[in-house]
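Student: My structure is below; once you've seen it, I'll send some questions.
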Amino acid sequence: MRSPLLVLLLILAALARPAAAQQEFKLDENDRWKELDAPEPGSPAAVVRMAKLALAKGEPKRAHALMDAWLERFPTDPLRAEALLVRADARMALKEEYDALFDLEDIARRYPYSAAFIPALEREFEIARMYAGGLKRKFWGTFRVVNTDDDAQEILIRIQERLPGSALAEKAGMALADFYYDRRDMALAADAYDLFVQNYPRSLLADKARLRLIAAYCSGYKGPEFDAKGLQEASGKLRELQALEPQLAKQIGADAILLRIYESEADKRLTTANWYWQIDDPISAEREIRALVKKYPRSIAAIQALRAVDQVLAKLPESIRKSAPNYAAIRAELLKGARDAATKGPGPETMLEGAIRMEEKLSAEPATTGATAPAPTQTPAPAPAPAPAPAPGGTTP
């Protein structure tokens, strides 16, 4: 007669075992427990099962030895993919994850339609995360001194190629982007986050990818002497975020960040004008000032340029001076607008706390794109006076 308590204990014991070592039993005609689908003793399946049981009992060395002998003896057996996975698990348990990669890669390349394929990629992802986290490889099986950055990147890329659109590929894509971001490789980080947003726009991590993408573009800008393409990309992504996720954009202070980008782009123009002035090219200097005043009329750089433009005009041919804008009128209008803004008080776009919160949240480096007044050397004319202080009140693009 069956004992309910015994049946319950057997079920609980089976559930407590690892998936790889689960066994199913039923009572036979003599009221004795008999294992279902038990492999024939001595068969290849029985040896694989023994290795799985050894792993479940915490005996990876025994499991590894069994699979070594099995793989050598049965090179074409249908269970070969499963045996390779068991040996890879044994190697990982023995802290030989790099050797395990050879078995996992064998499964991924030769047995893509086997039941071991997805588990093999999951094991590779675990190893890639360890390597991305800083774990080094053993040198000739001794000390861990070999850098694994290249291994981590290659594994994460392969997972996305082999299982596109899957949850595992999504995790690999984010892990790869974070890998570049943590190592301050902002160009590759921006590409990886942008690709993630394109591939997984509905992912729960899509907002994180969008914010990291903006931060990567901003961090890639190294100053007014360098290319400002990253600022332009960041500005476009911020405006896209304002359209798609207005609440999130407000939380991170998108308006304040756009203002900082606006000032930095203007500063870039002023630096270019100053360079032309230093090489005695007043025509090109005036052209840059003209573009600066037209595109960034409310920037601090525009006010600085307007205060020094008279010295540039004095060196221009008469024909060019006549075609130049009325800089005096523009300067007076800007100063009047600055006084009006000071009377009304700063608008929400001038509150930079949002930008600061974003930098803290994303762990970005101190941005060189801050809305600070350019140094005295960044004026288009060699005027001895120091750079003027920022105009009071808020300024908007």
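Lettering and numbering for the structure tokens are positional, with chains as A, B, ... in the shown order, residues counted from 1 in each chain, and ligands counted from 1 in the shown order.
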Which residues are close to Leu104 in chain A, i.e. within 8 Å by only C-alpha atoms, leaving aside same-chain residues fewer than 4 positions away? Reply as a CSV table (one decimal) with C-alpha atoms, in the first residue's frame.

Tutor:
chain,number,residue,atom,x,y,z
A,84,LEU,CA,30.3,18.7,-23.9
A,85,LEU,CA,27.9,20.8,-21.9
A,88,ALA,CA,31.9,22.6,-19.6
A,100,ALA,CA,35.0,25.5,-20.7
A,108,ALA,CA,27.5,26.6,-30.6
A,120,ALA,CA,25.7,26.7,-23.9
A,121,LEU,CA,25.2,30.4,-24.9
A,123,ARG,CA,27.1,29.7,-19.9
A,124,GLU,CA,29.1,31.8,-22.3

Student: Report as CSV the residues of range 290-314 of chain A within 9 Å of range 248-267 of chain A, each with its shortest atom pair and distance in Å (one decimal), using only C-alpha atoms, ordered by chain and increasing residue number.

Tutor:
residue,atom,partner,partner_atom,distance
A:Leu292,CA,A:Ala266,CA,6.3
A:Val293,CA,A:Ala266,CA,8.8
A:Lys295,CA,A:Ala266,CA,8.2
A:Tyr296,CA,A:Ala266,CA,6.0
A:Pro297,CA,A:Ala266,CA,8.9
A:Arg298,CA,A:Glu263,CA,8.9
A:Ser299,CA,A:Glu263,CA,5.7
A:Ile300,CA,A:Glu263,CA,7.0
A:Ala301,CA,A:Asp267,CA,5.5
A:Ala302,CA,A:Ala266,CA,7.2

Student: By how many Å are CA of Asp68 in chain A and CA of Leu53 in chain A apart?

Tutor: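 One can read the CA of Asp68 in chain A to CA of Leu53 in chain A distance as 15.7 Å.
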
Student: Which residues are near range 225-239 of chain A? Cut-off 6 Å, only C-alpha atoms, ignore same chain within fewer than 5 positions. Put them as a list in words.

Tutor: Ile214, Tyr217 and Cys218 of chain A

Student: Could you dump the residues just selected with C-alpha atoms as a compact mmCIF listing (two decimals), in the first residue's frame?

Tutor:
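Below you can see result08.txt, which holds the result:
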# COMPACT_ATOMS: atom_id res chain seq x y z
CA ILE A 214 23.29 61.07 -24.42
CA TYR A 217 27.93 61.79 -26.68
CA CYS A 218 28.43 64.60 -24.15

Student: Let me make sure I understand: among A:Glu105, A:Glu59, A:Glu170, A:Asp182, which one has the smallest atom-to-atom distance to Leu195 in chain A if we use only C-alpha atoms?

Tutor: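 Closest to Leu195 in chain A of all the choices is A:Glu170.
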
Student: Name all residues at most 12 Å from Ser203 in chain A (count only C-alpha atoms; drop same-chain ones fewer than 4 positions away) and give them as a ChimeraX atom specification.

Tutor: /A:165-167,169-171,173-174,196-199,207-210

Student: Suppose we keep N, CA and C atoms; can you now write the selection as a PDB file, in the first residue's frame?

Tutor:
ATOM      1  N   GLY A 165      17.365  38.859 -31.271  1.00  0.00           N
ATOM      2  CA  GLY A 165      15.995  39.112 -30.843  1.00  0.00           C
ATOM      3  C   GLY A 165      15.590  38.422 -29.564  1.00  0.00           C
ATOM      4  N   SER A 166      16.446  37.596 -28.991  1.00  0.00           N
ATOM      5  CA  SER A 166      16.105  36.860 -27.778  1.00  0.00           C
ATOM      6  C   SER A 166      16.389  37.690 -26.534  1.00  0.00           C
ATOM      7  N   ALA A 167      15.861  37.220 -25.397  1.00  0.00           N
ATOM      8  CA  ALA A 167      16.128  37.892 -24.127  1.00  0.00           C
ATOM      9  C   ALA A 167      17.613  37.831 -23.787  1.00  0.00           C
ATOM     10  N   ALA A 169      20.107  37.730 -25.992  1.00  0.00           N
ATOM     11  CA  ALA A 169      20.788  38.706 -26.854  1.00  0.00           C
ATOM     12  C   ALA A 169      20.583  40.125 -26.333  1.00  0.00           C
ATOM     13  N   GLU A 170      19.396  40.408 -25.804  1.00  0.00           N
ATOM     14  CA  GLU A 170      19.133  41.728 -25.220  1.00  0.00           C
ATOM     15  C   GLU A 170      20.071  41.990 -24.041  1.00  0.00           C
ATOM     16  N   LYS A 171      20.220  40.998 -23.166  1.00  0.00           N
ATOM     17  CA  LYS A 171      21.129  41.165 -22.020  1.00  0.00           C
ATOM     18  C   LYS A 171      22.575  41.313 -22.478  1.00  0.00           C
ATOM     19  N   GLY A 173      23.552  42.593 -25.348  1.00  0.00           N
ATOM     20  CA  GLY A 173      23.705  43.924 -25.935  1.00  0.00           C
ATOM     21  C   GLY A 173      23.912  44.999 -24.887  1.00  0.00           C
ATOM     22  N   MET A 174      23.135  44.938 -23.811  1.00  0.00           N
ATOM     23  CA  MET A 174      23.308  45.923 -22.744  1.00  0.00           C
ATOM     24  C   MET A 174      24.632  45.724 -22.023  1.00  0.00           C
ATOM     25  N   PHE A 196      21.271  49.265 -29.340  1.00  0.00           N
ATOM     26  CA  PHE A 196      20.348  48.623 -28.394  1.00  0.00           C
ATOM     27  C   PHE A 196      18.963  49.258 -28.498  1.00  0.00           C
ATOM     28  N   VAL A 197      18.906  50.594 -28.538  1.00  0.00           N
ATOM     29  CA  VAL A 197      17.612  51.282 -28.630  1.00  0.00           C
ATOM     30  C   VAL A 197      16.906  50.911 -29.932  1.00  0.00           C
ATOM     31  N   GLN A 198      17.659  50.787 -31.011  1.00  0.00           N
ATOM     32  CA  GLN A 198      17.057  50.411 -32.289  1.00  0.00           C
ATOM     33  C   GLN A 198      16.530  48.978 -32.273  1.00  0.00           C
ATOM     34  N   ASN A 199      17.278  48.066 -31.659  1.00  0.00           N
ATOM     35  CA  ASN A 199      16.895  46.653 -31.658  1.00  0.00           C
ATOM     36  C   ASN A 199      15.821  46.334 -30.626  1.00  0.00           C
ATOM     37  N   ASP A 207      15.165  53.047 -21.656  1.00  0.00           N
ATOM     38  CA  ASP A 207      15.387  54.390 -21.114  1.00  0.00           C
ATOM     39  C   ASP A 207      16.812  54.548 -20.607  1.00  0.00           C
ATOM     40  N   LYS A 208      17.320  53.509 -19.956  1.00  0.00           N
ATOM     41  CA  LYS A 208      18.713  53.556 -19.504  1.00  0.00           C
ATOM     42  C   LYS A 208      19.649  53.724 -20.693  1.00  0.00           C
ATOM     43  N   ALA A 209      19.374  52.991 -21.771  1.00  0.00           N
ATOM     44  CA  ALA A 209      20.221  53.088 -22.961  1.00  0.00           C
ATOM     45  C   ALA A 209      20.162  54.491 -23.556  1.00  0.00           C
ATOM     46  N   ARG A 210      18.978  55.107 -23.579  1.00  0.00           N
ATOM     47  CA  ARG A 210      18.853  56.458 -24.139  1.00  0.00           C
ATOM     48  C   ARG A 210      19.655  57.467 -23.316  1.00  0.00           C
TER      49      ARG A 210
END
